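Source file: structure-v9.cif. Holds: mmCIF, C-alpha atoms.
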data_data
#
loop_
_atom_site.label_atom_id
_atom_site.label_comp_id
_atom_site.auth_asym_id
_atom_site.auth_seq_id
_atom_site.Cartn_x
_atom_site.Cartn_y
_atom_site.Cartn_z
CA MET A 1 106.35 110.52 131.24
CA ILE A 2 105.20 110.57 127.62
CA LEU A 3 108.77 111.61 126.76
CA PHE A 4 110.12 108.46 128.35
CA TYR A 5 107.61 106.25 126.51
CA LEU A 6 108.36 107.95 123.21
CA ILE A 7 112.10 107.32 123.57
CA SER A 8 111.75 103.74 124.84
CA GLU A 9 109.15 102.69 122.26
CA PHE A 10 111.15 103.99 119.31
CA PHE A 11 114.35 102.57 120.73
CA LYS A 12 112.57 99.20 120.85
CA ILE A 13 111.41 99.57 117.24
CA GLY A 14 114.97 100.33 116.16
CA LEU A 15 116.23 97.33 118.07
CA PHE A 16 113.67 94.76 116.91
CA SER A 17 112.76 95.73 113.36
CA ILE A 18 115.06 93.88 111.00
CA GLY A 19 114.77 93.88 107.22
CA GLY A 20 114.10 97.37 105.99
CA GLY A 21 111.46 100.08 105.86
CA TYR A 22 108.28 98.03 106.02
CA ALA A 23 109.50 96.13 109.09
CA THR A 24 108.65 99.13 111.27
CA ILE A 25 104.95 99.12 110.25
CA PRO A 26 103.77 96.31 112.61
CA PHE A 27 105.44 98.08 115.54
CA LEU A 28 103.88 101.42 114.68
CA PHE A 29 100.52 99.67 114.35
CA GLY A 30 100.98 98.13 117.79
CA LEU A 31 101.52 101.59 119.30
CA ILE A 32 97.98 102.57 118.26
CA ASN A 33 96.47 100.10 120.71
CA ASP A 34 99.02 100.72 123.45
CA TYR A 35 99.12 104.52 123.48
CA GLY A 36 96.70 105.97 120.93
CA TRP A 37 99.25 108.57 119.81
CA TYR A 38 97.66 108.44 116.36
CA THR A 39 94.79 106.58 114.64
CA THR A 40 94.85 103.78 112.05
CA ASP A 41 93.82 106.29 109.37
CA GLN A 42 96.66 108.59 110.33
CA LEU A 43 99.09 105.67 110.16
CA THR A 44 98.11 104.76 106.59
CA ASN A 45 98.39 108.45 105.64
CA MET A 46 101.82 108.51 107.28
CA ILE A 47 102.95 105.45 105.34
CA ALA A 48 101.79 106.96 102.05
CA ILE A 49 103.47 110.31 102.76
CA SER A 50 106.68 108.52 103.80
CA MET A 51 106.78 106.81 100.44
CA LEU A 52 106.47 110.11 98.61
CA THR A 53 109.10 112.09 100.55
CA PRO A 54 112.88 111.69 100.57
CA GLY A 55 114.45 109.35 103.07
CA PRO A 56 114.05 105.81 104.34
CA VAL A 57 110.40 104.98 105.12
CA GLY A 58 111.26 103.85 108.66
CA VAL A 59 112.94 107.15 109.51
CA ASN A 60 110.10 109.15 107.97
CA MET A 61 107.49 107.31 109.96
CA ALA A 62 109.37 107.73 113.23
CA THR A 63 109.57 111.49 112.61
CA PHE A 64 105.89 111.56 111.74
CA ALA A 65 104.73 109.54 114.74
CA GLY A 66 106.96 111.55 117.06
CA PHE A 67 105.57 114.78 115.66
CA LYS A 68 101.99 113.58 116.20
CA THR A 69 102.87 112.88 119.81
CA LEU A 70 105.07 115.76 120.92
CA GLY A 71 105.50 118.20 118.05
CA VAL A 72 108.80 119.08 116.37
CA PHE A 73 110.84 118.04 119.39
CA GLY A 74 109.02 114.69 119.50
CA GLY A 75 109.74 114.12 115.82
CA ILE A 76 113.47 114.61 116.26
CA LEU A 77 113.56 112.60 119.49
CA ALA A 78 111.68 109.61 118.00
CA THR A 79 113.99 109.54 114.97
CA VAL A 80 117.16 109.65 117.06
CA SER A 81 115.78 106.93 119.36
CA LEU A 82 115.01 104.79 116.31
CA VAL A 83 118.53 104.91 114.85
CA LEU A 84 120.41 104.77 118.16
CA PRO A 85 120.27 100.96 118.70
CA SER A 86 121.66 100.18 115.26
CA TYR A 87 124.41 102.78 115.76
CA LEU A 88 125.46 101.11 119.01
CA ILE A 89 125.27 97.62 117.50
CA ILE A 90 127.31 98.60 114.43
CA ILE A 91 130.02 100.17 116.60
CA PHE A 92 130.03 96.99 118.65
CA ILE A 93 130.20 94.50 115.77
CA SER A 94 132.48 96.49 113.48
CA LYS A 95 135.51 94.69 114.87
CA LEU A 96 134.15 91.33 113.81
CA LEU A 97 132.74 92.47 110.47
CA LYS A 98 134.16 89.66 108.39
CA THR A 99 132.73 86.88 110.53
CA TYR A 100 129.42 88.49 111.59
CA ASN A 101 127.25 87.32 108.69
CA ASN A 102 128.65 83.78 108.89
CA ASN A 103 128.10 83.44 112.61
CA PHE A 104 125.83 80.51 113.49
CA TYR A 105 123.58 82.54 115.80
CA VAL A 106 123.27 85.47 113.41
CA LYS A 107 122.34 83.11 110.58
CA SER A 108 119.79 81.18 112.66
CA VAL A 109 118.14 84.36 113.94
CA LEU A 110 117.89 85.84 110.44
CA TYR A 111 116.46 82.58 109.11
CA ALA A 112 113.59 82.90 111.59
CA LEU A 113 113.10 86.65 111.44
CA LYS A 114 112.14 86.63 107.77
CA PRO A 115 108.98 84.46 108.10
CA ALA A 116 108.08 86.18 111.39
CA GLY A 117 108.44 89.63 109.82
CA CYS A 118 106.35 88.52 106.86
CA ALA A 119 103.62 87.23 109.18
CA LEU A 120 103.57 90.49 111.16
CA LEU A 121 103.17 92.52 107.98
CA CYS A 122 100.39 90.17 106.81
CA SER A 123 98.56 90.71 110.06
CA VAL A 124 98.73 94.52 109.79
CA MET A 125 97.67 94.31 106.17
CA LEU A 126 94.51 92.43 107.16
CA SER A 127 93.76 94.96 109.90
CA PHE A 128 94.13 97.79 107.38
CA TYR A 129 91.85 95.86 105.03
CA LYS A 130 89.18 95.63 107.71
CA SER A 131 89.35 99.31 108.58
CA HIS A 132 89.57 100.69 105.05
CA ILE A 133 87.45 98.43 102.85
CA THR A 134 84.10 99.52 104.22
CA SER A 135 82.22 100.34 101.02
CA LEU A 136 81.70 98.95 97.55
CA ALA A 137 83.67 101.85 96.05
CA ALA A 138 86.64 100.99 98.27
CA PHE A 139 86.46 97.33 97.36
CA LEU A 140 86.37 98.12 93.65
CA LEU A 141 89.49 100.28 93.97
CA LEU A 142 91.28 97.47 95.82
CA VAL A 143 90.40 94.95 93.11
CA PHE A 144 91.46 97.38 90.39
CA LEU A 145 94.86 98.05 92.03
CA PHE A 146 95.29 94.34 92.64
CA LEU A 147 94.77 93.57 88.95
CA LEU A 148 97.10 96.42 88.08
CA SER A 149 99.84 94.83 90.20
CA PHE A 150 100.14 91.98 87.73
CA LYS A 151 101.08 94.45 85.03
CA PHE A 152 103.13 97.07 86.91
CA LYS A 153 106.02 96.74 89.34
CA LYS A 154 105.98 98.01 92.90
CA ASN A 155 106.04 101.71 92.21
CA PRO A 156 104.50 103.59 95.16
CA LEU A 157 104.05 106.78 93.18
CA LEU A 158 101.90 105.09 90.52
CA TYR A 159 99.55 103.32 92.95
CA ILE A 160 99.14 106.28 95.25
CA PHE A 161 98.45 108.62 92.32
CA ILE A 162 95.79 106.34 90.82
CA ALA A 163 94.14 105.85 94.22
CA ALA A 164 94.06 109.59 94.88
CA VAL A 165 92.48 110.30 91.50
CA TYR A 166 89.90 107.57 92.13
CA GLY A 167 89.10 109.09 95.53
CA PHE A 168 88.59 112.45 93.89
CA LEU A 169 86.33 111.02 91.18
CA CYS A 170 84.22 109.16 93.75
CA GLN A 171 83.75 112.38 95.66
CA PHE A 172 82.87 114.13 92.43
CA PHE A 173 80.12 111.58 91.79
CA HIS A 174 79.28 111.28 95.51
CA LEU A 175 80.10 107.61 95.59
CA VAL A 176 82.45 107.45 98.57
CA PHE A 177 79.88 106.20 101.03
CA ILE A 178 77.96 103.72 98.93
CA MET B 1 144.13 110.89 103.45
CA LYS B 2 141.69 111.70 106.21
CA VAL B 3 138.19 112.74 105.19
CA SER B 4 136.91 115.72 107.20
CA LEU B 5 133.79 115.34 109.32
CA LYS B 6 132.23 118.28 107.55
CA ASP B 7 132.66 116.56 104.17
CA ILE B 8 131.10 113.38 105.56
CA TYR B 9 128.11 115.29 106.90
CA CYS B 10 127.55 117.22 103.66
CA GLU B 11 127.86 114.12 101.50
CA PHE B 12 125.36 112.12 103.55
CA PHE B 13 123.05 115.10 103.80
CA MET B 14 122.95 115.18 99.99
CA LEU B 15 122.40 111.41 99.83
CA GLY B 16 119.51 111.70 102.29
CA MET B 17 117.82 114.24 100.06
CA GLN B 18 117.89 111.89 97.10
CA LEU B 19 116.33 108.87 98.80
CA LEU B 20 112.88 108.80 97.27
CA GLY B 21 110.45 105.95 97.78
CA GLY B 22 112.41 104.12 100.45
CA GLY B 23 115.99 103.37 101.33
CA TYR B 24 116.74 100.76 98.68
CA VAL B 25 117.99 103.31 96.16
CA ILE B 26 120.89 104.14 98.47
CA VAL B 27 123.20 101.47 97.01
CA PRO B 28 123.30 102.81 93.42
CA LEU B 29 123.54 106.37 94.79
CA MET B 30 126.46 105.45 97.04
CA ARG B 31 128.18 103.54 94.25
CA HIS B 32 128.01 106.62 92.05
CA ARG B 33 129.06 109.23 94.65
CA LEU B 34 131.26 107.42 97.15
CA THR B 35 132.89 104.70 95.07
CA GLU B 36 133.21 106.17 91.58
CA GLN B 37 133.53 109.90 92.27
CA LYS B 38 135.21 110.12 95.67
CA SER B 39 136.69 106.64 96.18
CA TRP B 40 135.87 106.75 99.90
CA ILE B 41 134.91 103.06 99.79
CA SER B 42 135.56 100.25 97.33
CA GLU B 43 132.89 98.37 95.41
CA GLU B 44 133.61 95.33 97.55
CA GLU B 45 133.13 97.27 100.78
CA LEU B 46 129.83 98.67 99.51
CA VAL B 47 128.51 95.17 98.82
CA ASP B 48 129.69 93.95 102.24
CA PHE B 49 128.18 96.93 104.06
CA TYR B 50 124.86 96.44 102.29
CA ALA B 51 124.73 92.75 103.24
CA LEU B 52 125.57 93.59 106.85
CA SER B 53 123.04 96.44 106.96
CA GLN B 54 120.24 94.01 106.20
CA SER B 55 121.20 91.70 109.03
CA VAL B 56 121.58 94.42 111.67
CA PRO B 57 118.41 95.81 113.30
CA GLY B 58 117.06 99.14 112.14
CA VAL B 59 116.60 101.08 108.94
CA ILE B 60 118.85 99.78 106.14
CA ALA B 61 119.82 103.16 104.65
CA ALA B 62 120.79 104.48 108.10
CA ASN B 63 122.78 101.32 108.83
CA ILE B 64 124.80 101.43 105.64
CA SER B 65 125.60 105.10 106.26
CA THR B 66 126.80 104.25 109.75
CA PHE B 67 129.08 101.52 108.37
CA VAL B 68 130.62 103.89 105.82
CA GLY B 69 131.08 106.66 108.40
CA TYR B 70 132.71 104.22 110.80
CA LYS B 71 135.11 103.05 108.12
CA LEU B 72 136.10 106.66 107.29
CA ARG B 73 136.46 108.21 110.75
CA GLY B 74 135.54 105.69 113.46
CA LYS B 75 132.76 106.28 116.02
CA LEU B 76 132.58 110.01 115.39
CA GLY B 77 132.47 109.52 111.63
CA ALA B 78 129.66 106.99 112.04
CA PHE B 79 127.70 109.45 114.17
CA VAL B 80 128.20 112.29 111.69
CA SER B 81 127.18 110.23 108.64
CA LEU B 82 124.11 108.92 110.48
CA MET B 83 123.03 112.45 111.43
CA GLY B 84 123.69 113.55 107.85
CA ILE B 85 121.51 110.91 106.26
CA ILE B 86 118.52 111.60 108.53
CA THR B 87 118.64 115.42 108.41
CA SER B 88 116.69 116.06 105.22
CA PRO B 89 114.09 113.29 105.77
CA VAL B 90 113.40 114.66 109.26
CA ILE B 91 113.10 118.26 108.05
CA SER B 92 110.85 117.37 105.12
CA ILE B 93 108.55 115.26 107.30
CA LEU B 94 108.35 117.93 109.99
CA ILE B 95 107.26 120.47 107.38
CA ILE B 96 104.66 118.13 105.89
CA ALA B 97 103.43 116.93 109.28
CA SER B 98 102.75 120.47 110.43
CA VAL B 99 100.51 121.24 107.45
CA VAL B 100 98.90 117.84 106.83
CA ASP B 101 96.39 118.11 109.69
CA VAL B 102 95.17 121.46 108.44
CA LEU B 103 94.90 120.10 104.89
CA LEU B 104 93.03 117.02 106.08
CA GLN B 105 90.21 119.19 107.36
CA LEU B 106 89.38 119.97 103.76
CA LYS B 107 86.82 117.60 102.30
CA PHE B 108 88.76 117.55 99.02
CA VAL B 109 92.00 116.33 100.61
CA GLN B 110 90.10 113.78 102.72
CA THR B 111 88.79 112.06 99.62
CA LEU B 112 92.27 111.99 98.07
CA PHE B 113 93.62 110.30 101.20
CA TRP B 114 90.66 107.92 101.38
CA GLY B 115 91.94 106.33 98.17
CA VAL B 116 95.59 106.52 99.24
CA GLY B 117 94.92 104.30 102.27
CA ILE B 118 93.79 101.57 99.89
CA ALA B 119 96.92 102.00 97.74
CA VAL B 120 98.97 101.42 100.90
CA ILE B 121 97.24 98.05 101.40
CA ILE B 122 98.23 96.98 97.88
CA LEU B 123 101.82 98.18 98.35
CA MET B 124 102.01 96.17 101.58
CA TYR B 125 100.60 93.16 99.76
CA LEU B 126 103.34 93.45 97.12
CA THR B 127 105.99 93.58 99.85
CA VAL B 128 104.48 90.55 101.59
CA LYS B 129 104.53 88.69 98.28
CA GLU B 130 108.24 89.44 97.83
CA MET B 131 109.08 88.45 101.41
CA TRP B 132 106.97 85.32 101.11
CA ALA B 133 109.13 83.89 98.31
CA LYS B 134 112.36 84.63 100.16
CA SER B 135 111.40 83.61 103.68
CA LEU B 136 109.12 80.56 103.54
CA VAL B 137 111.85 78.21 102.44
CA ASP B 138 111.03 75.08 104.49
CA ILE B 139 108.49 73.52 106.88
CA PRO B 140 109.82 75.04 110.14
CA ALA B 141 109.65 78.46 108.48
CA TRP B 142 106.00 77.84 107.54
CA ILE B 143 105.17 76.76 111.09
CA LEU B 144 106.78 79.90 112.46
CA PHE B 145 104.89 82.01 109.94
CA PHE B 146 101.55 80.66 111.17
CA ILE B 147 102.45 80.95 114.85
CA ALA B 148 103.55 84.56 114.35
CA PHE B 149 100.51 85.41 112.25
CA PHE B 150 97.95 84.05 114.71
CA ALA B 151 99.80 85.48 117.70
CA SER B 152 99.67 88.89 116.09
CA TYR B 153 96.31 88.91 114.32
CA ILE B 154 94.11 86.91 116.70
CA PHE B 155 95.82 87.30 120.06
CA LYS B 156 97.21 90.81 119.48
CA ILE B 157 100.56 89.90 121.00
CA SER B 158 103.07 92.72 120.63
CA PRO B 159 105.56 92.47 117.75
CA VAL B 160 108.48 92.75 120.18
CA HIS B 161 107.48 89.50 121.92
CA ILE B 162 106.89 87.76 118.60
CA ILE B 163 110.32 88.80 117.31
CA ILE B 164 112.03 87.57 120.51
CA PHE B 165 110.16 84.27 120.20
CA ALA B 166 111.23 83.98 116.54
CA MET B 167 114.89 84.49 117.45
CA ILE B 168 114.79 81.67 120.00
CA TYR B 169 112.81 79.48 117.58
CA GLY B 170 115.39 80.04 114.83
CA ILE B 171 118.33 79.13 117.03
CA ALA B 172 116.52 76.04 118.37
CA VAL B 173 115.59 74.80 114.89
CA GLN B 174 119.10 75.27 113.51
CA LYS B 175 120.69 73.61 116.57
CA LEU B 176 118.44 70.56 116.13
CA ARG B 177 119.34 70.47 112.45
CA ARG B 178 123.05 70.56 113.16
CA LYS B 179 122.70 67.61 115.50
CA THR B 180 120.86 65.38 113.06
#
Taking this structure as input, can you express it in the form of structure tokens?
Amino acid sequence: MILFYLISEFFKIGLFSIGGGYATIPFLFGLINDYGWYTTDQLTNMIAISMLTPGPVGVNMATFAGFKTLGVFGGILATVSLVLPSYLIIIFISKLLKTYNNNFYVKSVLYALKPAGCALLCSVMLSFYKSHITSLAAFLLLVFLFLLSFKFKKNPLLYIFIAAVYGFLCQFFHLVFI
Amino acid sequence: MKVSLKDIYCEFFMLGMQLLGGGYVIVPLMRHRLTEQKSWISEEELVDFYALSQSVPGVIAANISTFVGYKLRGKLGAFVSLMGIITSPVISILIIASVVDVLLQLKFVQTLFWGVGIAVIILMYLTVKEMWAKSLVDIPAWILFFIAFFASYIFKISPVHIIIFAMIYGIAVQKLRRKT
């Protein structure tokens, strides 16, 4: 039964997440409440690792979540389920390629999906904030990275590296739980 | 000249290996390998495929690979290029996933990841900021943003339902606009 849920949930993510890697995050977050295949902490770890390894973030996270659920087989199955809907849709629309992006319905749907996708990501971001910013040390790191974002572009490697070093230093000075 | 399926698989396997930090880098990579070196696709096709990939559901890098594969060898070509692009990401994640739980039992690694979770929040914030500028273009878009946000954050409605609602909302708004 878990096999069926794994396939259907990732098929749904592939079908409904439009607009690139981060669009899958709200769906993966939703799965925590529905199935408990992994925890919120594991999801943020997964996102960070996905950013540091080769491949599209969405694919990486599907593999990761599938692995957490059903091992190696689950990882492969979740990934294939994720990319299957877009494969089918592309085969289907490839005959009307030239007109697809100018189609009234396609344009209207995309117009609405952008703000909705943005809102979903905002909502997950706030949930992550609530579960991660539980100490003064954590809050200080957040503020520091926030200030840094005015100076540096969106480079995952830089932010993750600084945060990891900070985590290590806090542990060194036993500050993590203040 | 027909491109062999084996060549397609190998090429996309190599592309998959080079996608670091998300799928966005795939366009310059494809331009270099597929347009300039191999002339499998033209510059114009690459731009078209990228635009289409963003408006089709799913992961953008996988979508654009499927489009290229389909152009080269039809349905089978699309399947082979798609499998090629996901092979190395899947293998690398499976290797990492099988050791990460063991590593996370170490206190040292736990503290590293404690900070990393906070970096993820900032990276999400930067993405939201980018999307914000592009998506909240008029009042109906703002209204939808707030509906979707409250539905998700307060009422915990599943993203699938919110996305379906947004699709209907978008069509309704644009239909009303066309009438007036």
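Of the residues listed (B:Ile139, B:Ile163, B:Val27, B:Ile41), B:Ile163 shows the shortest atom-to-atom separation from chain A; distances use only C-alpha atoms.
Residues matched by the PyMOL selection byres ((chain A and resi 2-10) around 7) in this file are Met1, Phe11, Lys12, Ile13, Gly14, Leu77, Ala78, Ser81 and Leu82 of chain A.
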Could you tell me how far atom CA of B:Ile122 sits from atom CA of A:Phe150, in Å to one decimal place? 11.5 Å
Using the chain letters and residue numbers of this document, give as a PyMOL selection string the residues selected by the PyMOL selection byres ((chain B and resi 84) around 7). chain B and resi 9-10+12-13+80-83+85-87
Rank A:Leu43, A:Leu84, A:Ile18, A:Leu97 by their smallest atom-to-atom distance to chain B, using all atoms listed in the file, and report the top residue only. A:Ile18
Could you list, as number ranges by chain, every residue matched by the PyMOL selection byres ((chain A and resi 55) around 8) in this structure? A: 50, 53-54, 56-57, 59-60; B: 16-23, 85-86, 88-89
Please measure the separation of atom CA of A:Thr63 and atom CA of A:Phe92, giving the value in Å to one decimal. 25.8 Å
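Shortest atom-to-atom contact with chain A among B:Ala119, B:Val25, B:Ile147, B:Leu34: B:Ala119, counting only C-alpha atoms.
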Contacts of B:Lys38 at 12 Å (only C-alpha atoms; same-chain gap of 3+ positions) as a list of chain:residue names: B:Met1, B:Val3, B:Asp7, B:Ile8, B:Glu11, B:Met30, B:Arg31, B:His32, B:Arg33, B:Leu34, B:Thr35, B:Ile41, B:Ser42, B:Glu43
Exercise: residues within 12 Å of coordinate (127.5, 94.6, 104.7), counting all atoms listed in the file, as a PyMOL selection string: (chain A and resi 90+93-94+96-102) or (chain B and resi 27+43-56+60-61+63-68+71)
Provide the atom CA of B:Ile162 to atom CA of A:Ala116 distance in Å, to one decimal place.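 A separation of 7.5 Å between them.
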Go through stretch 59-166 of chain A residue by residue and, counting all atoms listed in the file, keep those with an atom at most 10 Å from stretch 30-42 of chain A; for each kept residue give the shortest atom pair and its distance in Å to one decimal, ordered by chain and increasing number, as a Markdown table.
| residue | atom | partner | partner_atom | distance |
| --- | --- | --- | --- | --- |
| A:Phe64 | CA | A:Gln42 | CA | 9.8 |
| A:Ala65 | CA | A:Tyr38 | CA | 7.3 |
| A:Gly66 | CA | A:Trp37 | CA | 8.7 |
| A:Phe67 | CA | A:Trp37 | CA | 9.8 |
| A:Lys68 | CA | A:Tyr38 | CA | 6.7 |
| A:Thr69 | CA | A:Trp37 | CA | 5.6 |
| A:Leu70 | CA | A:Trp37 | CA | 9.3 |
| A:Val124 | CA | A:Gly30 | CA | 9.1 |
| A:Ser127 | CA | A:Thr40 | CA | 9.1 |
| A:Phe128 | CA | A:Thr40 | CA | 7.6 |
| A:Ser131 | CA | A:Thr40 | CA | 7.9 |
| A:His132 | CA | A:Asp41 | CA | 8.3 |
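Among the candidates B:Ser135, B:Lys129, B:Leu76, B:Pro140, the one nearest to chain A when counting all atoms listed in the file is B:Ser135.
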Expected axis-aligned box over every listed atom of stretch 136-148 of chain A, 5 Å added per side, centre plus edges in Å to one decimal, as AutoDock Vina command-line options:
--center_x 89.4 --center_y 97.7 --center_z 93.2 --size_x 25.4 --size_y 18.3 --size_z 20.2
Env of stretch 157-171 of chain A: 8 Å cut, atoms = all atoms listed in the file, seq-sep filter 4 positions within chain, self excluded. Answer as a list in words.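 Listing them by chain and then by number gives Ala48, Met51, Leu52, Ala137, Leu141, Leu145, Leu175 and Val176 of chain A; Gly21, Phe108, Thr111, Leu112, Phe113, Trp114, Gly115, Val116, Ile118, Ala119, Val120 and Leu123 of chain B.
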